[in-house]
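Below: one structure, written as structure tokens.
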Amino acid sequence: MQPKKTEPKKPSQNKDEKRKNQPPADSGKKSNLLRNVVFWSIIIIMGALLIGNFAGGDEKLESIAYPELKKAVDDGTVKKITEQGMDLTVTMKDEEKPSKKSRLLEARLPDAQLIDTTKVEYESVEVDKTAETLWSVASIVLPLLIIAGLFLFMMRGMQSQTNQSLGFGRSRAKLFAEDKKKVKFSEIAGNVEAKEDLFEVVDFLKDPKKYLGLGAKIPKGVLLVGPPGTGKTMLARAVAGEAGAPFFSISGSEFVEMFVGVGASRVRDLFEKAKKNAPCIIFIDEIDAVGRRRGSGMGGGHDEREQTLNQILVEMDGFETGQNVIVLAATNRADVLDPALLRPGRFDRRVNIVLPERRDREEILFVHFKDKPVDDTVDIPALAAKTPGSSGADLANIANEAAIIAARSGRKKINGNDVTEAFEKVAIGPERKSKIMNDRDKELTAYHEAGHAVVGHVLPDSDPVHKVTIIPRGATGGVTWFLPPEDRAFTSIVEFKDILARAMGGRLAEEVVYGRQNVTTGASSDLRHATQIAHDMVTEEGMGTKLRDRAFHSEEGGLMFDKMTRDRPYSDKTAEEIDREVNELLGEAVQRAREVIKANRKALDALAQALLERETIDEEEINQVLKGAKLPTSAKLY
């Protein structure tokens with residue numbers, strides 16, 4: 001049932017108009033900066049004026065008492081006296097500038113004996129009383145203002161630090177803005193079942209009466225689980241775009257701090273905000289950052305992460321219930337989450353988001369190529385068929401790389417070669433054409449990759465060879481690429497054994513052509529890959545001989561302290577048996593690869609020579625060169 005269509009709210013338009021009238025967010029910062037500049041400029045100017053006033057030229061003049069000055073005038077040693085207010089400036093004979101100063105105090109008294117102006121040049125200068133009064137007042141007031149300004153500046157800095165410390169325990173969740181571009185479910189390709197589960201949550205928020213009338217309760221938590229790049233966060237954005245309810249988004253790592261109790265405080269603050277805006281949605285991305293199983297850390301029950309997890313558990317389903325707050329969380333490590341977090345009543349619904357199938361990959365590619373100019377040589381269905389196991393993020397990367405390659409070549413449209421090059425770049429790494437190999441290394445690489453191709457081409461349960469190249473890609477010197485003809489949900493024992501044999505084909509081709517003593521390190525990644533597959537066959541899939549139908553799973557993740565204190569789920573004797581089973585599988589793969597290469601030596605030489613000539617060979621050419629290659633009758637199939 002489709003959700004009811006709601007008319008857009010008029011208040012949102014008013015909000016947009018208010019937002020347009022409001023100044024930009026950084027205008028406050030600019031005004032504060034301007035205010036600080038003006039404040040300090042005034043202080044510097046006033047200080048300079050005061051220093052200039054008190055440190056003028058008068059401080060260099062020698063002080064002389066008024067009686068002494070009068071006596072000097074009588075003796076005829078004074079050339080000129082200048083009167084300015086209560087100050088007298090004295091210029092002695094044989095001097096060009098004043099050298100002495102005196103204060104006119106008793107000269108203003110009625111009975112005071114004044115200087116005889118007939119014996120000396122006497123000049124009286126009028127003084128501006130207003131300026132003198134202002135300077136007198138300024139000399140007292142300005143220092144007080146400067147001290148008060150510095151005090152206020154220090155107080156404001158202390159207040160900002162106090163605000164920061166008080167906000168340390170507040171939630172950093174972002175409220176989904178209404179004016180941002182919204183993502184809809186219709187814009188997301190694939191994940192049909194996941195979208196249906198999430199659409200019910202959206203529909204519940206829009207029309208709760210339809211569910212409450214039947215006694216249904218709103219789910220408290222929805223956990224999105226899937227491999228990286230499958231679209232968990234994008235689906236959460238679509239929920240925000242469709243719900244029309246407040247949507248708080250936060251990452252699990254934003255809760256945890258080095259101080260114990262901060263994470264729990266942020267959880268409380270987040271849920272308090274959510275309850276005020278209920279009904280609403282809280283989205284916690286990468287919840288495994290705080291939701292890991294308790295009791296495995298060195299800090300015991302008192303470390304910060306466990307305190308945060310405990311608070312999340314209480315808020316989701318604690319003593320206080322009945323809040324219409326839905327918690328939406330995403331993780332790709334659901335196996336490490338605490339059981340109390342996964343129980344019904346907290347995360348009531350678990351939505352598994354898997355890697356897209358062929359039909360879904362085709363839809364995803366059409367979405368990503370929709371706004372890109374492409375020509376008729378771009379075959380989206382063929383590309384979807386060649387990308388099994390790719391996530392939505394991988395497909396988006398292929399489309400983006402194709403556009404970059406076309407732009408780098410100066411073309412206005414993306415062609416089929418651009419898409420193919422982008423696909424290979426994402427899948428197996430970029431070509432390193434700048435790396436120059438000598439003739440011997442080039443020949444050895446050709447035989448190594450030809451060995452993989454011959455073994456994979458001959459064995460009946462192996463995937464077809466898609467392409468072989470001796471051009472270095474990524475960290476490899478060459479690549480032999482196998483692609484399954486269709487998507488597979490399961491892998492059988494015979495298919496695993498063919499994978500092991502073709503992985504050993506490169507090392508065995510070097511051994512057959514150059515001898516056992518001349519094999520190189522080029523097969524190191526092949527050997528690691530084959531050993532891991534054989535070990536998983538025995539311990540995870542129960543595909544051994546003596547240890548068949550038994551699994552010996554051990555947790556790969558977790559802290560180092562957790563691995564040290566936890567016993568492995570099998571004994572030392574069983575570990576020896578596991579090693580023996582793995583050795584038998586790898587030995588069988590080596591024997592099969594050796595027999596296939598020896599029986600098809602001519603095909604191996606032909607393919608290696610073709611690689612030396614053309615460097616890269618696709619599937620059609622490989623089938624033509626290996627047309628006569630056959631499985632020897634002595635090769636063990638199973």
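Quick note on naming: the chains in the structure tokens go A, B, ... in the order shown, residues restart at 1 in each chain, and ligands are numbered from 1 in order of appearance.
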Set the distance at 9 Å and use only C-alpha atoms: which residues neighbour range 603-620 of chain A once local chain neighbours fewer than 4 positions away are removed? I'd like the list as a JSON list (two decimals) with N, CA, C and O atoms, in the first residue's frame.
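The resulting file, selection.json, is reproduced below:
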```
[["chain", "number", "residue", "atom", "x", "y", "z"],
["A", 442, "LYS", "N", 59.91, -10.91, -18.98],
["A", 442, "LYS", "CA", 58.70, -10.87, -19.80],
["A", 442, "LYS", "C", 58.31, -12.28, -20.24],
["A", 442, "LYS", "O", 57.13, -12.66, -20.21],
["A", 443, "GLU", "N", 59.30, -13.07, -20.63],
["A", 443, "GLU", "CA", 59.01, -14.45, -21.04],
["A", 443, "GLU", "C", 58.53, -15.28, -19.86],
["A", 443, "GLU", "O", 57.58, -16.07, -19.98],
["A", 444, "LEU", "N", 59.17, -15.12, -18.72],
["A", 444, "LEU", "CA", 58.75, -15.87, -17.53],
["A", 444, "LEU", "C", 57.32, -15.51, -17.13],
["A", 444, "LEU", "O", 56.53, -16.39, -16.77],
["A", 445, "THR", "N", 56.98, -14.21, -17.20],
["A", 445, "THR", "CA", 55.61, -13.79, -16.88],
["A", 445, "THR", "C", 54.62, -14.39, -17.87],
["A", 445, "THR", "O", 53.51, -14.80, -17.48],
["A", 446, "ALA", "N", 54.99, -14.45, -19.14],
["A", 446, "ALA", "CA", 54.09, -15.01, -20.15],
["A", 446, "ALA", "C", 53.82, -16.49, -19.88],
["A", 446, "ALA", "O", 52.67, -16.95, -19.96],
["A", 447, "TYR", "N", 54.84, -17.25, -19.54],
["A", 447, "TYR", "CA", 54.63, -18.68, -19.23],
["A", 447, "TYR", "C", 53.84, -18.84, -17.93],
["A", 447, "TYR", "O", 53.01, -19.75, -17.80],
["A", 448, "HIS", "N", 54.10, -17.96, -16.96],
["A", 448, "HIS", "CA", 53.36, -18.04, -15.69],
["A", 448, "HIS", "C", 51.87, -17.82, -15.91],
["A", 448, "HIS", "O", 51.03, -18.62, -15.43],
["A", 449, "GLU", "N", 51.51, -16.76, -16.62],
["A", 449, "GLU", "CA", 50.09, -16.48, -16.85],
["A", 449, "GLU", "C", 49.48, -17.51, -17.79],
["A", 449, "GLU", "O", 48.30, -17.88, -17.64],
["A", 450, "ALA", "N", 50.26, -17.99, -18.76],
["A", 450, "ALA", "CA", 49.75, -19.04, -19.65],
["A", 450, "ALA", "C", 49.47, -20.32, -18.88],
["A", 450, "ALA", "O", 48.52, -21.06, -19.19],
["A", 451, "GLY", "N", 50.26, -20.62, -17.85],
["A", 451, "GLY", "CA", 50.00, -21.80, -17.03],
["A", 451, "GLY", "C", 48.66, -21.71, -16.32],
["A", 451, "GLY", "O", 47.89, -22.69, -16.28],
["A", 453, "ALA", "N", 46.10, -20.00, -17.34],
["A", 453, "ALA", "CA", 45.05, -20.05, -18.36],
["A", 453, "ALA", "C", 44.84, -21.47, -18.88],
["A", 453, "ALA", "O", 43.70, -21.91, -19.07],
["A", 454, "VAL", "N", 45.93, -22.21, -19.13],
["A", 454, "VAL", "CA", 45.81, -23.57, -19.67],
["A", 454, "VAL", "C", 45.09, -24.47, -18.67],
["A", 454, "VAL", "O", 44.17, -25.23, -19.03],
["A", 464, "PRO", "N", 35.41, -19.87, -17.08],
["A", 464, "PRO", "CA", 36.11, -19.57, -18.34],
["A", 464, "PRO", "C", 37.15, -18.47, -18.16],
["A", 464, "PRO", "O", 37.02, -17.59, -17.32],
["A", 465, "VAL", "N", 38.19, -18.54, -18.99],
["A", 465, "VAL", "CA", 39.23, -17.52, -18.97],
["A", 465, "VAL", "C", 38.70, -16.29, -19.71],
["A", 465, "VAL", "O", 38.34, -16.37, -20.89],
["A", 466, "HIS", "N", 38.65, -15.15, -19.04],
["A", 466, "HIS", "CA", 38.13, -13.93, -19.65],
["A", 466, "HIS", "C", 39.21, -13.13, -20.36],
["A", 466, "HIS", "O", 39.01, -12.63, -21.47],
["A", 467, "LYS", "N", 40.37, -13.03, -19.75],
["A", 467, "LYS", "CA", 41.46, -12.23, -20.34],
["A", 467, "LYS", "C", 42.77, -12.62, -19.67],
["A", 467, "LYS", "O", 42.81, -12.96, -18.49],
["A", 468, "VAL", "N", 43.86, -12.55, -20.47],
["A", 468, "VAL", "CA", 45.20, -12.79, -19.96],
["A", 468, "VAL", "C", 46.07, -11.63, -20.43],
["A", 468, "VAL", "O", 46.02, -11.24, -21.60],
["A", 469, "THR", "N", 46.87, -11.08, -19.53],
["A", 469, "THR", "CA", 47.76, -9.98, -19.88],
["A", 469, "THR", "C", 49.06, -10.12, -19.12],
["A", 469, "THR", "O", 49.08, -10.63, -17.99],
["A", 470, "ILE", "N", 50.15, -9.68, -19.74],
["A", 470, "ILE", "CA", 51.45, -9.64, -19.06],
["A", 470, "ILE", "C", 51.85, -8.20, -18.77],
["A", 470, "ILE", "O", 52.99, -7.94, -18.38],
["A", 471, "ILE", "N", 50.92, -7.27, -18.96],
["A", 471, "ILE", "CA", 51.15, -5.89, -18.56],
["A", 471, "ILE", "C", 50.94, -5.79, -17.06],
["A", 471, "ILE", "O", 49.90, -6.21, -16.55],
["A", 509, "ALA", "N", 53.88, -24.11, -14.27],
["A", 509, "ALA", "CA", 54.37, -23.78, -15.61],
["A", 509, "ALA", "C", 55.83, -23.35, -15.54],
["A", 509, "ALA", "O", 56.65, -23.73, -16.40],
["A", 597, "ILE", "N", 49.60, -29.39, -17.45],
["A", 597, "ILE", "CA", 50.59, -28.59, -18.18],
["A", 597, "ILE", "C", 51.52, -29.49, -19.00],
["A", 597, "ILE", "O", 51.85, -29.19, -20.15],
["A", 624, "GLN", "N", 40.78, -19.77, -29.19],
["A", 624, "GLN", "CA", 41.34, -20.17, -30.48],
["A", 624, "GLN", "C", 42.73, -20.78, -30.31],
["A", 624, "GLN", "O", 43.06, -21.81, -30.93],
["A", 625, "VAL", "N", 43.56, -20.17, -29.47],
["A", 625, "VAL", "CA", 44.92, -20.68, -29.27],
["A", 625, "VAL", "C", 44.89, -22.02, -28.54],
["A", 625, "VAL", "O", 45.67, -22.94, -28.86],
["A", 626, "LEU", "N", 44.00, -22.17, -27.56],
["A", 626, "LEU", "CA", 43.93, -23.40, -26.74],
["A", 626, "LEU", "C", 42.89, -24.38, -27.27],
["A", 626, "LEU", "O", 42.36, -25.19, -26.51],
["A", 627, "LYS", "N", 42.63, -24.31, -28.54],
["A", 627, "LYS", "CA", 41.58, -25.17, -29.12],
["A", 627, "LYS", "C", 41.92, -26.65, -28.99],
["A", 627, "LYS", "O", 41.04, -27.50, -28.77],
["A", 628, "GLY", "N", 43.18, -27.02, -29.07],
["A", 628, "GLY", "CA", 43.55, -28.43, -29.00],
["A", 628, "GLY", "C", 43.90, -28.91, -27.61],
["A", 628, "GLY", "O", 44.25, -30.09, -27.44],
["A", 629, "ALA", "N", 43.83, -28.05, -26.59],
["A", 629, "ALA", "CA", 44.18, -28.45, -25.23],
["A", 629, "ALA", "C", 43.08, -29.34, -24.65],
["A", 629, "ALA", "O", 41.88, -29.04, -24.78]]
```
Quiz item: How many Å separate CA of Leu88 in chain A from CA of Leu134 in chain A?
Solution: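 Those two atoms sit 21.4 Å apart.
As for CA of Glu431 in chain A and CA of Ile622 in chain A, they are spaced 20.3 Å apart.
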Exercise. Mind the document's chain letters and residue numbers, and return as JSON, numbers by chain the residues of range 401-495 of chain A that DSSP labels strand (DSSP E).
Key: {"A": [465, 466, 467, 468, 469, 479, 480, 481, 482]}
Saved selection, atoms kept: C-alpha atoms, as a PDB file, in the first residue's frame:
```
ATOM      1  CA  VAL A 465      39.226 -17.515 -18.967  1.00  0.00           C
ATOM      2  CA  HIS A 466      38.132 -13.929 -19.647  1.00  0.00           C
ATOM      3  CA  LYS A 467      41.456 -12.234 -20.342  1.00  0.00           C
ATOM      4  CA  VAL A 468      45.199 -12.786 -19.956  1.00  0.00           C
ATOM      5  CA  THR A 469      47.762  -9.980 -19.876  1.00  0.00           C
ATOM      6  CA  VAL A 479      46.891 -11.123 -14.638  1.00  0.00           C
ATOM      7  CA  THR A 480      44.866 -14.146 -15.704  1.00  0.00           C
ATOM      8  CA  TRP A 481      41.242 -13.252 -15.254  1.00  0.00           C
ATOM      9  CA  PHE A 482      38.469 -15.825 -14.781  1.00  0.00           C
TER      10      PHE A 482
END
```
